[in-house]
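Source file: work_8.csv; contents: CSV, C-alpha atoms.
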```csv
chain,number,residue,atom,x,y,z
S,1,MET,CA,-2.8,81.1,-62.1
S,2,SER,CA,-1.3,81.0,-58.6
S,3,LEU,CA,1.7,78.9,-57.6
S,4,GLU,CA,-0.6,76.6,-55.7
S,5,GLY,CA,-2.8,76.1,-58.9
S,6,LYS,CA,0.3,75.5,-61.0
S,7,LEU,CA,1.6,72.8,-58.6
S,8,ARG,CA,-1.8,71.1,-58.5
S,9,GLU,CA,-1.8,71.1,-62.2
S,10,GLU,CA,1.7,69.8,-62.4
S,11,TYR,CA,1.6,67.1,-59.7
S,12,GLY,CA,-2.1,66.3,-59.2
S,13,GLU,CA,-3.3,64.7,-56.0
S,14,GLU,CA,0.3,64.0,-54.8
S,15,ILE,CA,0.8,67.6,-54.0
S,16,ASN,CA,-1.8,67.3,-51.2
S,17,GLN,CA,0.5,65.2,-49.1
S,18,VAL,CA,2.1,68.4,-47.7
S,19,ASP,CA,3.3,66.7,-44.5
S,20,ASP,CA,5.2,64.0,-46.4
S,21,ILE,CA,6.9,65.9,-49.2
S,22,GLU,CA,10.6,66.5,-48.6
S,23,GLU,CA,11.7,67.8,-52.1
S,24,LEU,CA,9.8,70.3,-54.1
S,25,ASN,CA,10.5,71.5,-57.6
S,26,ILE,CA,8.8,74.7,-58.9
S,27,ASP,CA,11.3,75.3,-61.8
S,28,GLY,CA,9.7,77.4,-64.5
S,29,LEU,CA,6.2,76.9,-63.2
S,30,ILE,CA,5.6,80.7,-62.7
S,31,THR,CA,7.3,83.9,-63.7
S,32,THR,CA,7.6,86.5,-60.9
S,33,ALA,CA,10.1,89.0,-59.6
S,34,LYS,CA,9.0,88.2,-56.1
S,35,LEU,CA,6.9,85.6,-54.5
S,36,THR,CA,3.5,86.8,-53.2
S,37,ASN,CA,2.3,86.5,-49.6
S,38,GLU,CA,-0.1,83.9,-50.9
S,39,ASP,CA,2.8,81.9,-52.5
S,40,LYS,CA,4.8,82.2,-49.3
S,41,ASN,CA,2.0,81.0,-47.0
S,42,TYR,CA,1.2,78.0,-49.3
S,43,LEU,CA,4.9,76.9,-49.5
S,44,GLU,CA,5.2,77.1,-45.7
S,45,LYS,CA,2.6,74.3,-45.4
S,46,PHE,CA,5.4,71.9,-46.6
S,47,LYS,CA,7.0,71.7,-43.2
S,48,SER,CA,9.0,68.5,-44.0
S,49,LEU,CA,10.8,70.1,-47.0
S,50,THR,CA,14.6,69.7,-47.0
S,51,GLN,CA,15.1,70.7,-50.7
S,52,ILE,CA,13.5,73.3,-52.8
S,53,SER,CA,14.3,74.2,-56.4
S,54,ALA,CA,13.1,77.5,-57.9
S,55,ASN,CA,15.2,77.7,-61.0
S,56,GLY,CA,14.3,80.0,-63.8
S,57,ILE,CA,11.2,81.7,-62.4
S,58,GLY,CA,12.5,85.3,-62.8
S,59,LEU,CA,13.1,86.0,-59.1
S,60,ALA,CA,14.9,89.3,-58.5
S,61,SER,CA,14.2,89.5,-54.8
S,62,LEU,CA,14.1,86.9,-52.0
S,63,GLU,CA,11.5,88.8,-50.0
S,64,ASN,CA,8.6,86.4,-49.2
S,65,PHE,CA,10.8,83.4,-49.7
S,66,PRO,CA,9.2,80.6,-47.5
S,67,GLU,CA,10.6,80.2,-44.0
S,68,ILE,CA,11.0,76.5,-43.6
S,69,ALA,CA,13.5,75.7,-40.9
S,70,GLY,CA,14.6,72.3,-42.1
S,71,LEU,CA,15.7,73.3,-45.6
S,72,LYS,CA,19.1,72.0,-46.4
S,73,GLU,CA,19.4,72.6,-50.2
S,74,ILE,CA,18.1,75.6,-52.1
S,75,ALA,CA,18.5,76.0,-55.9
S,76,LEU,CA,17.9,79.5,-57.3
S,77,GLU,CA,19.7,79.1,-60.6
S,78,ASP,CA,19.0,81.3,-63.6
S,79,ASN,CA,17.1,84.0,-61.9
S,80,LYS,CA,17.6,87.8,-61.6
S,81,ILE,CA,18.9,88.0,-58.1
S,82,SER,CA,21.6,90.7,-57.7
S,83,GLY,CA,20.8,92.2,-54.3
S,84,SER,CA,20.6,91.2,-50.7
S,85,LEU,CA,20.7,87.5,-49.7
S,86,ALA,CA,19.8,88.3,-46.1
S,87,PRO,CA,16.5,86.4,-46.3
S,88,LEU,CA,18.6,83.2,-46.5
S,89,GLN,CA,20.2,83.8,-43.1
S,90,LYS,CA,17.3,82.1,-41.4
S,91,PHE,CA,18.2,78.7,-42.8
S,92,LYS,CA,20.6,77.4,-40.2
S,93,GLU,CA,20.5,73.8,-41.6
S,94,LEU,CA,21.4,75.0,-45.2
S,95,THR,CA,24.3,73.0,-46.6
S,96,THR,CA,23.9,73.6,-50.4
S,97,LEU,CA,23.1,76.8,-52.2
S,98,THR,CA,23.0,77.2,-56.0
S,99,LEU,CA,23.0,80.7,-57.3
S,100,ASN,CA,24.7,80.3,-60.7
S,101,ALA,CA,23.6,82.4,-63.7
S,102,ASN,CA,22.3,85.2,-61.5
S,103,PRO,CA,23.6,88.8,-62.0
S,104,ILE,CA,25.6,88.9,-58.8
S,105,ASN,CA,28.5,91.2,-59.3
S,106,ASP,CA,29.8,92.1,-55.8
S,107,PHE,CA,31.4,90.0,-53.1
S,108,GLN,CA,29.5,92.0,-50.5
S,109,VAL,CA,26.2,90.5,-51.7
S,110,LEU,CA,27.4,87.2,-50.2
S,111,GLU,CA,28.3,88.6,-46.8
S,112,PRO,CA,25.0,87.6,-45.1
S,113,LEU,CA,25.7,83.9,-45.9
S,114,LYS,CA,28.8,83.9,-43.7
S,115,ILE,CA,26.7,83.2,-40.6
S,116,LEU,CA,25.3,80.0,-42.0
S,117,PRO,CA,27.1,77.3,-39.9
S,118,ASN,CA,26.5,74.3,-42.2
S,119,LEU,CA,27.0,75.8,-45.7
S,120,VAL,CA,29.6,73.5,-47.4
S,121,LYS,CA,28.5,73.8,-51.1
S,122,LEU,CA,28.1,77.0,-53.1
S,123,ASP,CA,27.6,77.4,-56.8
S,124,LEU,CA,28.2,80.8,-58.5
S,125,MET,CA,29.2,79.8,-62.0
S,126,ASP,CA,28.0,82.1,-64.8
S,127,CYS,CA,27.5,85.0,-62.4
S,128,PRO,CA,29.5,88.2,-63.3
S,129,LEU,CA,31.3,87.7,-60.0
S,130,TYR,CA,32.7,84.4,-61.3
S,131,THR,CA,34.9,86.2,-63.8
S,132,LYS,CA,36.5,88.5,-61.2
S,133,GLU,CA,40.2,88.3,-60.4
S,134,ASN,CA,41.0,86.2,-57.4
S,135,TYR,CA,37.4,85.0,-57.3
S,136,ARG,CA,38.1,81.5,-55.9
S,137,GLU,CA,40.6,82.7,-53.3
S,138,THR,CA,38.3,85.4,-52.1
S,139,ILE,CA,35.2,83.1,-51.8
S,140,LEU,CA,37.2,80.4,-50.0
S,141,LYS,CA,38.6,82.9,-47.6
S,142,MET,CA,35.1,84.3,-46.9
S,143,PHE,CA,33.7,80.7,-46.3
S,144,PRO,CA,36.4,78.6,-44.7
S,145,LYS,CA,34.0,75.7,-44.2
S,146,LEU,CA,33.2,75.3,-47.9
S,147,LYS,CA,34.1,71.9,-49.4
S,148,ASP,CA,32.6,72.4,-52.8
S,149,LEU,CA,32.8,75.7,-54.8
S,150,ASP,CA,31.4,75.5,-58.3
S,151,GLY,CA,31.9,71.7,-58.4
S,152,LEU,CA,35.5,71.9,-57.3
S,153,ASP,CA,37.0,71.1,-53.9
S,154,ARG,CA,39.2,73.6,-52.0
S,155,GLU,CA,42.3,72.3,-53.9
S,156,GLY,CA,40.6,72.8,-57.3
S,157,LYS,CA,39.9,69.1,-58.0
S,158,ASP,CA,36.7,68.1,-59.7
S,159,ILE,CA,34.2,66.8,-57.1
S,160,GLU,CA,32.2,64.6,-59.5
S,161,ILE,CA,35.4,62.8,-60.7
S,162,GLU,CA,36.5,62.3,-57.1
S,163,GLU,CA,33.1,60.9,-56.1
S,164,GLN,CA,33.1,58.7,-59.2
S,165,ASP,CA,36.6,57.4,-58.2
S,166,ASP,CA,35.5,56.8,-54.7
S,167,SER,CA,32.4,55.0,-55.9
S,168,GLU,CA,34.6,52.8,-58.2
S,169,GLU,CA,37.0,52.1,-55.4
S,170,GLU,CA,34.1,51.0,-53.2
S,171,GLU,CA,32.7,48.7,-55.9
S,172,GLU,CA,36.2,47.2,-56.4
S,173,ALA,CA,36.5,46.7,-52.6
S,174,GLU,CA,33.1,45.0,-52.5
S,175,GLU,CA,34.0,42.7,-55.4
S,176,GLU,CA,37.3,41.8,-53.7
S,177,ASP,CA,35.4,41.0,-50.5
S,178,GLU,CA,32.9,38.9,-52.4
S,179,GLU,CA,35.7,37.0,-54.2
S,180,GLU,CA,37.5,36.5,-50.8
S,181,SER,CA,34.3,35.2,-49.2
S,182,GLU,CA,33.7,32.8,-52.1
S,183,GLY,CA,37.3,31.6,-51.9
S,184,LYS,CA,37.0,30.9,-48.2
S,185,ALA,CA,33.7,29.1,-48.8
S,186,GLU,CA,35.4,26.9,-51.4
S,187,GLU,CA,38.3,26.2,-49.0
S,188,SER,CA,35.9,25.3,-46.3
S,189,GLU,CA,34.1,22.9,-48.6
S,190,ASP,CA,37.4,21.3,-49.5
S,191,GLU,CA,38.4,20.9,-45.9
S,192,ASP,CA,35.0,19.2,-45.1
S,193,ASP,CA,35.6,16.8,-48.0
S,194,ASP,CA,39.1,16.0,-46.7
S,195,GLU,CA,37.7,15.3,-43.3
S,196,GLU,CA,35.1,13.0,-44.7
S,197,ASP,CA,37.8,11.1,-46.6
S,198,GLY,CA,39.9,11.0,-43.5
S,199,ASP,CA,37.0,9.5,-41.5
S,200,GLU,CA,36.8,6.6,-44.0
S,201,ILE,CA,40.5,5.8,-43.7
S,202,VAL,CA,40.6,6.0,-39.9
S,203,GLN,CA,37.5,3.9,-39.4
S,204,PRO,CA,37.7,1.1,-42.0
S,205,LYS,CA,35.1,-1.7,-42.0
S,206,LYS,CA,36.2,-4.6,-39.8
S,207,ARG,CA,37.0,-7.9,-41.5
S,208,ALA,CA,34.8,-10.8,-40.5
S,209,SER,CA,37.8,-13.0,-39.7
S,210,ALA,CA,39.1,-10.5,-37.3
S,211,VAL,CA,35.9,-10.5,-35.3
S,212,LYS,CA,34.5,-14.0,-35.5
S,213,PRO,CA,36.7,-17.0,-34.7
S,214,GLY,CA,36.7,-20.1,-36.9
S,215,LYS,CA,34.8,-23.2,-36.0
S,216,GLY,CA,37.9,-25.2,-35.2
S,217,ASP,CA,39.3,-22.5,-33.0
S,218,SER,CA,36.0,-22.6,-31.0
S,219,GLU,CA,36.1,-26.3,-30.5
S,220,ASN,CA,39.8,-26.2,-29.4
S,221,GLU,CA,39.0,-23.5,-26.9
S,222,ASP,CA,36.0,-25.5,-25.5
S,223,SER,CA,38.3,-28.6,-25.3
S,224,GLU,CA,41.0,-26.7,-23.4
S,225,GLU,CA,38.4,-25.3,-21.0
S,226,GLU,CA,37.1,-28.8,-20.3
S,227,GLU,CA,40.6,-30.2,-19.7
S,228,SER,CA,41.3,-27.3,-17.4
S,229,GLU,CA,38.1,-28.0,-15.4
S,230,GLU,CA,38.9,-31.7,-15.1
S,231,GLU,CA,42.4,-30.9,-13.7
S,232,ILE,CA,41.2,-28.4,-11.2
S,233,ALA,CA,37.9,-30.1,-10.2
S,234,PRO,CA,38.2,-32.4,-7.0
S,235,PRO,CA,37.9,-36.2,-7.6
S,236,LYS,CA,34.6,-37.8,-7.2
S,237,LYS,CA,34.1,-40.1,-4.1
S,238,GLY,CA,33.9,-43.8,-5.1
S,239,LYS,CA,32.8,-47.0,-3.2
S,240,LYS,CA,35.1,-48.4,-0.5
S,241,ASN,CA,37.5,-51.3,-1.5
S,242,GLN,CA,36.1,-54.6,-0.1
S,243,PHE,CA,39.6,-56.0,0.4
S,244,ILE,CA,40.8,-53.4,2.8
```

Could you rewrite the structure in this file as C-alpha cells?
Amino acid sequence: MSLEGKLREEYGEEINQVDDIEELNIDGLITTAKLTNEDKNYLEKFKSLTQISANGIGLASLENFPEIAGLKEIALEDNKISGSLAPLQKFKELTTLTLNANPINDFQVLEPLKILPNLVKLDLMDCPLYTKENYRETILKMFPKLKDLDGLDREGKDIEIEEQDDSEEEEEAEEEDEEESEGKAEESEDEDDDEEDGDEIVQPKKRASAVKPGKGDSENEDSEEEESEEEIAPPKKGKKNQFI
C-alpha cells in the first residue's frame, strides 16, 4: 500500500484537509529506504506543514524528501541515514532536526546543515558520532547558533529541567501576583468600609431640639417683636382737646 493509502487508513477523512494540517506523523507507517516520487508528490500537497515526523520507516536516503518551504521541525529518528544530508539544505526555516539513532559516523556528513540560518536544536544521540572524542565541542563549533544539542544547552545543562524550572518560576510569580491582587482588593474593601463609617460620624442625625424651638421660646420671640413694633411705630392721631 502507498503512503497515501496508509495515511488515509490511519487518519480517515481528516487527512483530506491538506491545506489545514500543520503537523504530520508518518512514524512506522511504511518501510522504505527512499521515498518514491509518488510519496514525494503527495506529501507536498500539505503546503501548511511546519512539522513532519518520519521516525523508524527505514530511510537510508533523503532523496525525494518532500520540499515544503515552511517546515520548521523534522524528525528522522531511528532510520538508516548515514550519507549526505544535502537535501535538507532547502529548509531555510528549519529550527529543529532530530537524527538520533542513525548510523552517522562522520562529522563531514553534517557539513551541509551549516548553511541553515535558523537551526537551533539538533539531536544526534545514539549515533556512532555521538561517542567520538570531543563530540560536543566539535558540533558546537560547527554550529555556533545551536542552543540545544541532545537536550543540553551550550553549557551542558539539561534543557528540560531548565524549562521546568522556568515554568515553576512563572507559576510562582503568577500566584504571587494573584495573592497581591487579592490583598489589594481586601485593603480597598476595608478602606471603603472605613469611609462609610466616617461618613456616619461626620454627618450625625440632627436632634429635634436643635432645629425646632420650644413653644415658650416662640411666644417670647413673638412678644418681643410686637413690643419692638410698638416702640418704633409712630403714634396714632387722636381727636383734638376741646379745652385748648

How many Å separate CA of Thr50 (chain S) from CA of Leu94 (chain S)? 8.8 Å

With distances taken over all atoms listed in the file, which residue among S:Gln51, S:Thr95, S:Ser82, S:Asn41 lies nearest Glu67 (chain S)? S:Asn41

(18.8, 89.7, -57.3) in this file's frame - what residues fall within 6 Å of it? Use all atoms listed in the file and give the answer as a PyMOL selection string. chain S and resi 60-61+80-83

Atom pair CA of Ile139 (chain S) / CA of Pro103 (chain S): separation (Å):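 About the pair CA of Ile139 (chain S) and CA of Pro103 (chain S): they are 16.5 Å apart.
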
Of the candidates S:Ala69, S:Leu88, S:Leu3, S:Ala101, which one gets nearest to Thr131 (chain S) if we count all atoms listed in the file? S:Ala101

CA of Phe143 (chain S) and CA of Glu111 (chain S), how far apart in Å?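 Value for the CA of Glu111 (chain S)-CA of Phe143 (chain S) distance: 9.6 Å.
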
Proximity check region 63-112 of chain S to region 12-30 of chain S, 10 Å, nearest pairs one decimal Å, only C-alpha atoms, as a tab-separated table:
```
residue	atom	partner	partner_atom	distance
S:Gly70	CA	S:Glu22	CA	9.6
S:Leu71	CA	S:Glu22	CA	9.0
S:Glu73	CA	S:Glu23	CA	9.3
S:Ala75	CA	S:Asp27	CA	9.3
S:Leu76	CA	S:Asp27	CA	9.0
S:Glu77	CA	S:Asp27	CA	9.3
S:Asp78	CA	S:Asp27	CA	9.9
```

Near-Gly151 (chain S) list (9 Å; only C-alpha atoms; drop same-chain fewer than 6 positions) as a PDB file with C-alpha atoms, in the frame of the given file:
```pdb
ATOM      1  CA  LYS S 121      28.500  73.800 -51.100  1.00  0.00           C
ATOM      2  CA  LEU S 122      28.100  77.000 -53.100  1.00  0.00           C
ATOM      3  CA  ASP S 123      27.600  77.400 -56.800  1.00  0.00           C
ATOM      4  CA  LYS S 157      39.900  69.100 -58.000  1.00  0.00           C
ATOM      5  CA  ASP S 158      36.700  68.100 -59.700  1.00  0.00           C
ATOM      6  CA  ILE S 159      34.200  66.800 -57.100  1.00  0.00           C
ATOM      7  CA  GLU S 160      32.200  64.600 -59.500  1.00  0.00           C
TER       8      GLU S 160
END
```

Nearest residue to Val109 (chain S) from the set S:Leu59, S:Ala185, S:Ile68, S:Ala86 (distances using all atoms listed in the file):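 Checking each of S:Leu59, S:Ala185, S:Ile68, S:Ala86 against Val109 (chain S), counting all atoms listed in the file, the winner is S:Ala86.
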
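For Leu140 (chain S), the list of residues within 9 Å, based on all atoms listed in the file and with local chain neighbours fewer than 5 positions off taken out, reads Tyr135, Lys145, Leu146, Leu149 and Arg154 of chain S.
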
Residues just named, written with C-alpha atoms as an mmCIF file, keeping the file's coordinate frame:
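The file below, part_36.cif, is the result:
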```cif
data_model
loop_
_atom_site.group_PDB
_atom_site.id
_atom_site.type_symbol
_atom_site.label_atom_id
_atom_site.label_comp_id
_atom_site.auth_asym_id
_atom_site.auth_seq_id
_atom_site.Cartn_x
_atom_site.Cartn_y
_atom_site.Cartn_z
ATOM 1 C CA TYR S 135 37.400 85.000 -57.300
ATOM 2 C CA LYS S 145 34.000 75.700 -44.200
ATOM 3 C CA LEU S 146 33.200 75.300 -47.900
ATOM 4 C CA LEU S 149 32.800 75.700 -54.800
ATOM 5 C CA ARG S 154 39.200 73.600 -52.000
#
```
